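Note: the block below is model.cif and it holds mmCIF, C-alpha atoms.
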data_upload
#
loop_
_atom_site.label_atom_id
_atom_site.label_comp_id
_atom_site.auth_asym_id
_atom_site.auth_seq_id
_atom_site.Cartn_x
_atom_site.Cartn_y
_atom_site.Cartn_z
CA MET M 43 62.64 -25.40 37.81
CA SER M 44 61.39 -22.40 35.90
CA GLY M 45 59.15 -19.39 36.15
CA SER M 46 59.95 -15.76 36.69
CA LEU M 47 60.02 -15.90 40.48
CA SER M 48 61.83 -19.21 40.94
CA ALA M 49 64.95 -17.59 42.40
CA LEU M 50 63.06 -15.38 44.83
CA VAL M 51 60.82 -17.89 46.60
CA GLY M 52 61.39 -21.02 48.63
CA PRO M 53 63.96 -22.09 51.21
CA PRO M 54 67.70 -21.46 50.95
CA THR M 55 69.42 -24.01 48.72
CA ALA M 56 73.10 -24.93 48.85
CA ALA M 57 73.93 -25.87 45.25
CA LEU M 58 77.65 -25.21 45.40
CA CYS M 59 80.25 -25.34 42.65
CA PRO M 60 83.97 -24.61 43.02
CA PRO M 61 85.57 -21.85 40.92
CA GLY M 62 86.36 -22.89 37.37
CA GLN M 63 83.07 -24.59 36.48
CA CYS M 64 81.05 -21.62 35.22
CA VAL M 65 79.56 -22.10 31.75
CA PHE M 66 80.75 -18.59 30.92
CA THR M 67 84.49 -18.24 30.29
CA GLU M 68 86.83 -15.34 29.61
CA GLU M 69 85.40 -15.10 26.09
CA TRP M 70 82.09 -13.32 25.53
CA SER M 71 79.20 -15.65 24.71
CA PRO M 72 75.47 -15.02 24.28
CA ALA M 73 72.53 -15.99 26.47
CA LYS M 74 68.95 -15.45 25.37
CA LEU M 75 66.58 -13.30 27.42
CA VAL M 76 63.52 -15.55 27.84
CA GLU M 77 61.51 -13.79 30.54
CA ARG M 78 61.35 -10.47 32.39
CA SER M 79 59.15 -9.45 35.31
CA GLN M 80 58.79 -6.41 37.55
CA ILE M 81 59.54 -7.31 41.19
CA THR M 82 59.56 -3.83 42.76
CA HIS M 83 58.77 -0.38 41.40
CA ASP M 84 62.30 -0.09 39.93
CA VAL M 85 63.73 -3.63 39.95
CA ILE M 86 63.28 -6.22 37.21
CA LEU M 87 64.01 -9.94 37.24
CA CYS M 88 65.54 -11.15 33.97
CA THR M 89 65.69 -14.85 33.13
CA PHE M 90 68.28 -15.99 30.60
CA ALA M 91 68.58 -19.36 28.87
CA LEU M 92 71.92 -21.15 28.90
CA SER M 93 73.19 -22.75 25.69
CA ASP M 94 72.98 -26.19 27.31
CA ALA M 95 69.51 -26.64 28.80
CA SER M 96 70.65 -29.69 30.79
CA LYS M 97 73.30 -27.97 32.91
CA PRO M 98 73.36 -25.37 35.69
CA MET M 99 75.34 -22.16 35.40
CA GLY M 100 78.12 -23.59 37.56
CA LEU M 101 78.95 -20.31 39.30
CA SER M 102 80.93 -20.41 42.55
CA THR M 103 79.68 -18.86 45.81
CA CYS M 104 79.03 -15.10 45.61
CA ALA M 105 80.75 -14.80 42.22
CA CYS M 106 79.59 -12.39 39.55
CA ILE M 107 79.47 -12.32 35.77
CA LEU M 108 79.99 -9.49 33.30
CA SER M 109 77.30 -8.32 30.88
CA LYS M 110 77.96 -6.34 27.69
CA PHE M 111 76.11 -4.51 24.97
CA HIS M 112 77.06 -1.99 22.29
CA GLU M 113 75.34 1.37 22.46
CA GLU M 114 74.61 3.03 19.14
CA GLY M 115 77.15 5.73 18.39
CA ASN M 116 79.50 4.65 21.18
CA PRO M 117 82.68 2.81 20.08
CA ASP M 118 83.21 1.43 23.59
CA PRO M 119 80.97 -1.38 24.87
CA ILE M 120 78.87 -0.91 28.01
CA VAL M 121 79.97 -3.55 30.57
CA ARG M 122 78.48 -4.16 34.02
CA PRO M 123 79.00 -6.84 36.71
CA TYR M 124 76.02 -8.71 38.14
CA THR M 125 75.65 -11.41 40.78
CA PRO M 126 72.81 -13.78 39.83
CA VAL M 127 70.02 -14.30 42.36
CA SER M 128 69.46 -17.85 41.11
CA THR M 129 71.56 -20.78 42.33
CA ASN M 130 73.04 -23.79 40.55
CA ALA M 131 69.82 -25.63 41.40
CA LEU M 132 68.28 -23.83 38.42
CA ILE M 133 69.00 -25.95 35.36
CA GLY M 134 69.42 -24.43 31.91
CA GLN M 135 68.78 -20.87 33.05
CA PHE M 136 69.98 -18.11 35.37
CA GLN M 137 68.32 -15.01 36.78
CA LEU M 138 69.49 -11.45 37.42
CA ALA M 139 67.69 -8.90 39.58
CA LEU M 140 68.44 -5.44 38.21
CA LYS M 141 67.66 -2.02 39.61
CA VAL M 142 66.67 0.23 36.69
CA TYR M 143 68.39 3.56 37.20
CA PRO M 144 67.32 6.67 35.28
CA GLY M 145 70.07 7.04 32.71
CA GLY M 146 71.52 3.64 33.66
CA LYS M 147 72.66 2.37 30.29
CA MET M 148 72.74 -1.37 30.98
CA SER M 149 69.65 -1.52 33.19
CA GLU M 150 67.55 0.55 30.77
CA HIS M 151 68.84 -1.57 27.87
CA LEU M 152 67.77 -4.79 29.58
CA LYS M 153 64.42 -3.33 30.62
CA GLY M 154 63.61 -2.45 27.02
CA LEU M 155 65.22 -5.44 25.29
CA ALA M 156 62.89 -7.66 23.29
CA ILE M 157 62.27 -11.12 24.74
CA GLY M 158 64.25 -13.63 22.68
CA SER M 159 67.21 -11.26 22.20
CA ASP M 160 70.77 -12.29 23.03
CA VAL M 161 72.96 -10.64 25.66
CA ASP M 162 76.70 -11.25 25.90
CA PHE M 163 78.22 -12.51 29.16
CA LYS M 164 81.61 -13.66 30.41
CA HIS M 165 83.23 -14.71 33.69
CA ILE M 166 86.83 -13.83 34.53
CA ALA M 167 89.13 -14.64 37.45
CA PRO M 168 88.51 -11.36 39.38
CA ASN M 169 84.78 -12.19 39.34
CA VAL M 170 85.45 -15.04 41.79
CA LYS M 171 84.73 -13.78 45.29
CA LEU M 172 84.62 -15.11 48.84
CA GLN M 173 84.14 -18.89 48.87
CA TYR M 174 82.07 -21.13 51.12
CA PRO M 175 82.69 -22.48 53.75
CA PHE M 176 83.47 -19.10 55.30
CA GLY M 177 85.05 -20.60 58.42
CA LYS M 178 83.64 -18.14 60.97
CA LYS M 179 81.18 -18.55 63.85
CA THR M 180 79.43 -15.25 63.09
CA ILE M 181 78.93 -13.16 59.96
CA THR M 182 77.74 -9.55 59.81
CA MET M 183 76.39 -8.36 56.47
CA LEU M 184 76.35 -4.61 55.81
CA VAL M 185 74.24 -4.09 52.72
CA GLY M 186 72.92 -1.20 50.67
CA GLY M 187 70.32 -1.54 47.90
CA THR M 188 71.14 -4.09 45.21
CA GLY M 189 74.28 -5.04 47.13
CA ILE M 190 71.95 -7.72 48.50
CA THR M 191 72.59 -10.09 45.56
CA PRO M 192 75.92 -11.63 46.70
CA MET M 193 74.51 -11.81 50.23
CA ILE M 194 71.62 -13.93 48.95
CA GLN M 195 74.18 -16.32 47.46
CA ALA M 196 76.09 -16.46 50.75
CA LEU M 197 72.87 -17.10 52.67
CA HIS M 198 71.90 -19.93 50.32
CA ALA M 199 75.22 -21.59 51.19
CA VAL M 200 75.15 -20.93 54.95
CA LEU M 201 71.47 -21.63 55.65
CA GLY M 202 71.09 -24.35 53.03
CA THR M 203 74.00 -26.51 54.21
CA GLU M 204 73.07 -29.17 56.74
CA GLY M 205 75.17 -28.94 59.89
CA ASP M 206 76.26 -25.33 59.37
CA THR M 207 75.79 -23.38 62.61
CA THR M 208 77.01 -19.94 61.50
CA GLN M 209 75.09 -17.03 63.03
CA VAL M 210 74.34 -14.23 60.55
CA THR M 211 73.22 -10.67 61.22
CA MET M 212 72.32 -8.44 58.29
CA LEU M 213 71.94 -4.67 58.48
CA TYR M 214 70.22 -3.74 55.23
CA GLY M 215 69.93 -0.09 54.24
CA ASN M 216 67.37 1.24 51.75
CA LYS M 217 65.52 4.49 51.12
CA THR M 218 61.93 3.32 51.61
CA GLN M 219 59.98 0.10 52.20
CA LYS M 220 59.23 -0.24 48.48
CA ASP M 221 62.97 -0.18 47.75
CA ILE M 222 63.75 -3.27 49.86
CA LEU M 223 64.73 -5.94 47.36
CA CYS M 224 63.76 -9.52 48.29
CA LYS M 225 62.24 -8.45 51.62
CA GLU M 226 59.68 -11.28 51.71
CA LEU M 227 62.32 -13.87 50.86
CA LEU M 228 64.80 -12.62 53.45
CA ASP M 229 62.21 -12.24 56.19
CA SER M 230 60.92 -15.76 55.57
CA TRP M 231 64.46 -17.14 55.75
CA ALA M 232 65.03 -15.31 59.03
CA GLU M 233 61.74 -16.56 60.46
CA ASN M 234 62.59 -20.17 59.59
CA SER M 235 66.29 -20.06 60.49
CA GLY M 236 65.92 -21.12 64.11
CA GLY M 237 67.47 -17.84 65.20
CA ARG M 238 70.55 -18.15 62.97
CA LEU M 239 69.61 -15.21 60.71
CA LYS M 240 68.70 -11.79 62.06
CA ILE M 241 67.81 -8.97 59.67
CA VAL M 242 67.73 -5.32 60.69
CA HIS M 243 66.17 -3.11 58.00
CA VAL M 244 67.23 0.54 58.07
CA LEU M 245 65.36 3.12 56.00
CA SER M 246 66.86 6.52 55.23
CA ASP M 247 63.65 8.12 53.94
CA ALA M 248 60.89 6.82 56.23
CA LYS M 249 59.87 10.07 57.92
CA ASP M 250 56.50 10.08 56.17
CA ASP M 251 55.90 6.32 56.46
CA ALA M 252 53.50 5.80 59.37
CA ASP M 253 53.62 2.02 58.84
CA TRP M 254 57.37 1.76 59.39
CA LYS M 255 58.35 0.68 62.91
CA GLY M 256 61.97 -0.30 62.21
CA GLU M 257 65.28 1.58 62.26
CA THR M 258 65.54 4.89 60.40
CA GLY M 259 68.35 7.04 59.08
CA PHE M 260 71.59 5.34 58.11
CA ILE M 261 73.43 2.36 59.58
CA THR M 262 75.36 3.72 62.56
CA LYS M 263 78.10 2.57 64.90
CA GLU M 264 75.43 2.28 67.60
CA MET M 265 73.42 -0.11 65.43
CA LEU M 266 76.52 -2.18 64.75
CA THR M 267 77.34 -2.34 68.43
CA ALA M 268 73.79 -3.35 69.28
CA HIS M 269 73.32 -6.02 66.61
CA ALA M 270 76.68 -7.25 65.26
CA ALA M 271 79.31 -9.51 66.77
CA PRO M 272 82.34 -7.54 68.02
CA ALA M 273 85.67 -7.71 66.21
CA SER M 274 87.38 -11.09 66.63
CA ASP M 275 89.00 -13.81 64.56
CA GLU M 276 85.76 -15.78 64.82
CA THR M 277 83.67 -13.19 62.99
CA LEU M 278 83.53 -11.89 59.43
CA VAL M 279 81.99 -8.64 58.20
CA VAL M 280 81.00 -8.51 54.53
CA VAL M 281 80.13 -5.20 52.87
CA CYS M 282 78.31 -4.61 49.59
CA GLY M 283 76.60 -1.46 48.35
CA PRO M 284 77.25 1.81 46.56
CA PRO M 285 80.76 3.35 46.75
CA PRO M 286 79.96 5.90 49.49
CA MET M 287 79.00 3.00 51.74
CA TYR M 288 82.53 1.58 51.58
CA ASN M 289 84.02 4.94 52.46
CA VAL M 290 81.85 5.15 55.57
CA PHE M 291 82.24 1.59 56.81
CA CYS M 292 85.60 0.20 55.72
CA GLY M 293 87.44 2.31 53.17
CA PRO M 294 87.45 1.98 49.37
CA ARG M 295 86.93 -1.43 47.79
CA ASP M 296 90.41 -1.46 46.24
CA GLN M 297 92.07 -0.66 49.57
CA LYS M 298 93.04 -3.70 51.64
CA GLU M 299 93.33 -1.69 54.86
CA VAL M 300 90.14 -1.34 56.90
CA THR M 301 89.36 2.28 57.78
CA GLY M 302 86.09 4.08 58.47
CA MET M 303 83.59 2.92 61.05
CA LEU M 304 84.76 -0.71 61.13
CA GLY M 305 88.38 0.35 61.51
CA ASP M 306 87.41 2.56 64.43
CA MET M 307 85.65 -0.42 66.03
CA GLY M 308 88.75 -2.59 65.86
CA TYR M 309 88.00 -4.77 62.85
CA THR M 310 91.07 -5.74 60.79
CA ALA M 311 91.62 -6.59 57.13
CA GLY M 312 91.33 -10.31 57.86
CA GLN M 313 87.88 -9.79 59.40
CA VAL M 314 86.32 -7.64 56.67
CA TYR M 315 85.52 -8.59 53.06
CA LYS M 316 84.61 -5.90 50.55
CA PHE M 317 82.47 -7.13 47.64
#
Structure rendered as structure tokens:
Amino acid sequence: MSGSLSALVGPPTAALCPPGQCVFTEEWSPAKLVERSQITHDVILCTFALSDASKPMGLSTCACILSKFHEEGNPDPIVRPYTPVSTNALIGQFQLALKVYPGGKMSEHLKGLAIGSDVDFKHIAPNVKLQYPFGKKTITMLVGGTGITPMIQALHAVLGTEGDTTQVTMLYGNKTQKDILCKELLDSWAENSGGRLKIVHVLSDAKDDADWKGETGFITKEMLTAHAAPASDETLVVVCGPPPMYNVFCGPRDQKEVTGMLGDMGYTAGQVYKF
């Protein structure tokens, strides 16, 4: 399985590995950049080769890896976390979807890096996140921008596992239609899910977009009430996006207590997971 779009087409695939099997360890090791493609106006898909071409990455559900490079004139390395968009069904490679931010040191480095160059990666215990099976009847995903990447991994597990009946609702916030990462993939999964996946796109800057018929503004309590399952021990809300999003919905990532909009709606710490 290869090709620059292999992770972003096709049906959901449950290729699950438990924590502890990732080819990357707590020591930095290189992976070669073998392909790069532009998938939206400011998002690139980077394909890296693993040292053993016969094995998958072995990453557990929703986990991330750390990437590092040394900037000239800076004694401290630049380190960023990324959740791959590829699954363990991809042998000998893995793929990262990266939003290229103006002034973003890692994203601009990877956008300009020569094909065939090495990039250092590692995987440490805090990179292990929520594990499948999630054990809930319903899941609500509150997503902003590139926070979609761990949600894609979760959806691979939920929708790709035979016999799983979990109902998933995603509220996905972006600025404009062209900013929606993996829209075609997600919409096709929803269309073919038998009603198990519902996606509500919300655009904050759609006032001049005559083609947009969906929700506008920001994700609100009214939208949550209309589309998401109410607080209960049978539902899970997962949140991933930029820091201000956590403050609005659930409180800071490093705070166990659930505050913000979800706290006001009665969700508790055991019902909310902050990526």
Practice prompt. Take the PyMOL selection byres ((chain M and resi 304) around 12), apply it to the structure above, and return the hits as JSON, numbers by chain.
Written response: {"M": [182, 184, 261, 262, 263, 264, 266, 267, 270, 271, 272, 273, 278, 279, 280, 281, 287, 288, 289, 290, 291, 292, 293, 299, 300, 301, 302, 303, 305, 306, 307, 308, 309, 310, 311, 313, 314, 315, 316]}
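Reported to one decimal place, the separation of CA of Gln135 in chain M from CA of Lys225 in chain M is 23.3 Å.
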Item to complete: Write out as an NGL selection string which residues come within 8 Å of range 196-204 of chain M when counting all atoms listed in the file, dropping same-chain ones fewer than 6 positions away.
Response: :M and (53-58 or 103-104 or 174-175 or 235)
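Relative to CA of Leu75 in chain M, CA of Phe90 in chain M is found at 4.5 Å.
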Fill in: 8 Å contact set for Phe111 in chain M, all atoms listed in the file, chain neighbours under 3 positions out, as a PyMOL selection string
chain M and resi 119-121+148+161-162
Practice prompt. Given the file shown, determine the residues that the PyMOL selection byres ((chain M and resi 136-138) around 10) selects; report them as a count of residues only.
Written response: 35
Worksheet item: What gap, in Å, lies between CA of Asp221 in chain M and CA of Ile241 in chain M?
Response: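 Atom-to-atom, CA of Asp221 in chain M and CA of Ile241 in chain M are spaced 15.6 Å apart.
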Atoms added to range 244-267 of chain M (N, CA, C and O atoms), reported as a tab-separated table (two decimals), keeping the file's coordinate frame:
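Okay, rebuild08.tsv is ready:
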chain	number	residue	atom	x	y	z
M	244	VAL	N	67.00	-0.86	57.71
M	244	VAL	CA	67.23	0.54	58.07
M	244	VAL	C	66.81	1.40	56.87
M	244	VAL	O	67.35	1.24	55.78
M	245	LEU	N	65.86	2.30	57.09
M	245	LEU	CA	65.36	3.12	56.00
M	245	LEU	C	65.77	4.57	56.19
M	245	LEU	O	65.55	5.17	57.25
M	246	SER	N	66.35	5.15	55.14
M	246	SER	CA	66.86	6.52	55.23
M	246	SER	C	65.79	7.57	54.95
M	246	SER	O	65.96	8.74	55.28
M	247	ASP	N	64.69	7.15	54.32
M	247	ASP	CA	63.65	8.12	53.94
M	247	ASP	C	62.27	7.62	54.38
M	247	ASP	O	61.38	7.42	53.57
M	248	ALA	N	62.14	7.39	55.70
M	248	ALA	CA	60.89	6.82	56.23
M	248	ALA	C	60.12	7.81	57.09
M	248	ALA	O	59.18	7.43	57.79
M	249	LYS	N	60.48	9.08	57.02
M	249	LYS	CA	59.87	10.07	57.92
M	249	LYS	C	58.37	10.23	57.69
M	249	LYS	O	57.63	10.57	58.61
M	250	ASP	N	57.93	9.95	56.46
M	250	ASP	CA	56.50	10.08	56.17
M	250	ASP	C	55.79	8.74	56.10
M	250	ASP	O	54.64	8.66	55.65
M	251	ASP	N	56.46	7.67	56.53
M	251	ASP	CA	55.90	6.32	56.46
M	251	ASP	C	55.38	5.92	57.85
M	251	ASP	O	56.14	5.44	58.69
M	252	ALA	N	54.09	6.10	58.05
M	252	ALA	CA	53.50	5.80	59.37
M	252	ALA	C	53.51	4.32	59.67
M	252	ALA	O	53.42	3.92	60.84
M	253	ASP	N	53.63	3.46	58.63
M	253	ASP	CA	53.62	2.02	58.84
M	253	ASP	C	54.97	1.47	59.27
M	253	ASP	O	55.06	0.32	59.71
M	254	TRP	N	56.02	2.28	59.12
M	254	TRP	CA	57.37	1.76	59.39
M	254	TRP	C	57.71	1.86	60.87
M	254	TRP	O	57.68	2.95	61.45
M	255	LYS	N	58.03	0.72	61.48
M	255	LYS	CA	58.35	0.68	62.91
M	255	LYS	C	59.82	0.32	63.15
M	255	LYS	O	60.25	0.22	64.30
M	256	GLY	N	60.58	0.13	62.06
M	256	GLY	CA	61.97	-0.30	62.21
M	256	GLY	C	62.93	0.87	62.34
M	256	GLY	O	62.54	2.02	62.60
M	257	GLU	N	64.22	0.57	62.14
M	257	GLU	CA	65.28	1.58	62.26
M	257	GLU	C	65.16	2.59	61.12
M	257	GLU	O	64.77	2.26	60.00
M	258	THR	N	65.56	3.83	61.41
M	258	THR	CA	65.54	4.89	60.40
M	258	THR	C	66.89	5.59	60.35
M	258	THR	O	67.71	5.47	61.26
M	259	GLY	N	67.08	6.35	59.27
M	259	GLY	CA	68.35	7.04	59.08
M	259	GLY	C	69.32	6.15	58.31
M	259	GLY	O	68.94	5.49	57.35
M	260	PHE	N	70.57	6.17	58.74
M	260	PHE	CA	71.59	5.34	58.11
M	260	PHE	C	72.16	4.38	59.15
M	260	PHE	O	72.01	4.58	60.36
M	261	ILE	N	72.82	3.33	58.67
M	261	ILE	CA	73.43	2.36	59.58
M	261	ILE	C	74.53	3.06	60.37
M	261	ILE	O	75.44	3.66	59.79
M	262	THR	N	74.45	2.99	61.69
M	262	THR	CA	75.36	3.72	62.56
M	262	THR	C	76.23	2.77	63.37
M	262	THR	O	75.97	1.57	63.45
M	263	LYS	N	77.25	3.34	64.00
M	263	LYS	CA	78.10	2.57	64.90
M	263	LYS	C	77.28	2.00	66.06
M	263	LYS	O	77.52	0.87	66.51
M	264	GLU	N	76.29	2.76	66.51
M	264	GLU	CA	75.43	2.28	67.60
M	264	GLU	C	74.63	1.06	67.18
M	264	GLU	O	74.46	0.11	67.95
M	265	MET	N	74.15	1.06	65.94
M	265	MET	CA	73.42	-0.11	65.43
M	265	MET	C	74.33	-1.31	65.33
M	265	MET	O	73.95	-2.44	65.67
M	266	LEU	N	75.55	-1.08	64.84
M	266	LEU	CA	76.52	-2.18	64.75
M	266	LEU	C	76.82	-2.75	66.12
M	266	LEU	O	76.86	-3.98	66.32
M	267	THR	N	77.03	-1.89	67.07
M	267	THR	CA	77.34	-2.34	68.43
M	267	THR	C	76.18	-3.13	69.01
M	267	THR	O	76.38	-4.15	69.69
